[in-house]
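Written below as structure tokens is the structure these notes are about.
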Amino acid sequence: MGGDHGSGFQAIQEYFQQKVCRFCSRQFQQEGIELLRQEPGVLVVRVTCRACGHPLGVAIVGTAPSRTEQKPSRQTEWTKRDRRRLADKPKITYDDVLSAHLFFQGLGSDWAKHIPAR
Ligand SMILES: [Zn+2]
């Protein structure tokens, strides 16, 4: 799809399309990944399963180069076991395309508190 939102959002869509819904075990669709907000260096996306309608949550992804030079390991599988293991961690490291931190929680309407102040 077009580059309207920049390569960061596209990369996020591709990232989530590799994941499966924990309710119906289907992969997330591109249409279920919405860009809620774009700030310099930060993208906020909402992921909803289009197959069963369950919202997965809101992800806040930093697209600016991070201070640390971490090389996060790539997640290629997204099993229920992985999800349970990752659920213990507040942050999931995103891949090195974005050098980002991905917050992935069941954020409510207060998700904006994670956005740096303008
Ligand atoms: Zn589902």
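In the structure tokens, chains take the letters A, B, ... in the order shown, each chain's residues start at 1, and ligands count up from 1 in the order shown.
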Check: How would you write, as a PyMOL selection string, the set of residues no farther than 7 Å from ligand 1 when counting only C-alpha atoms and all ligand atoms?
Finding: chain A and resi 21-26+49-54
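Those residues that approach Val44 (chain A) to within 6 Å, counting only C-alpha atoms, are A:Leu36, A:Arg37, A:Ala59, A:Ile60; same-chain residues fewer than 5 positions away are not listed.
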Checklist line | Selection: 7 Å around Lys19 (chain A), only C-alpha atoms, excl. self and same-chain fewer than 2 positions, as an MDAnalysis selection string | finding: chainID A and resid 16:17 21 27:28 78
Check: Between A:Gly8, A:Gln13, A:Arg81, A:Val42, which is the closest to Gln30 (chain A) once you count only C-alpha atoms?
Finding: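 Closest to Gln30 (chain A), using only C-alpha atoms: A:Gln13.
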Item checked: Who sits within 6 Å of Ile33 (chain A), only C-alpha atoms, same chain under 2 positions skipped, as a ChimeraX atom specification -> /A:30-31,46-47
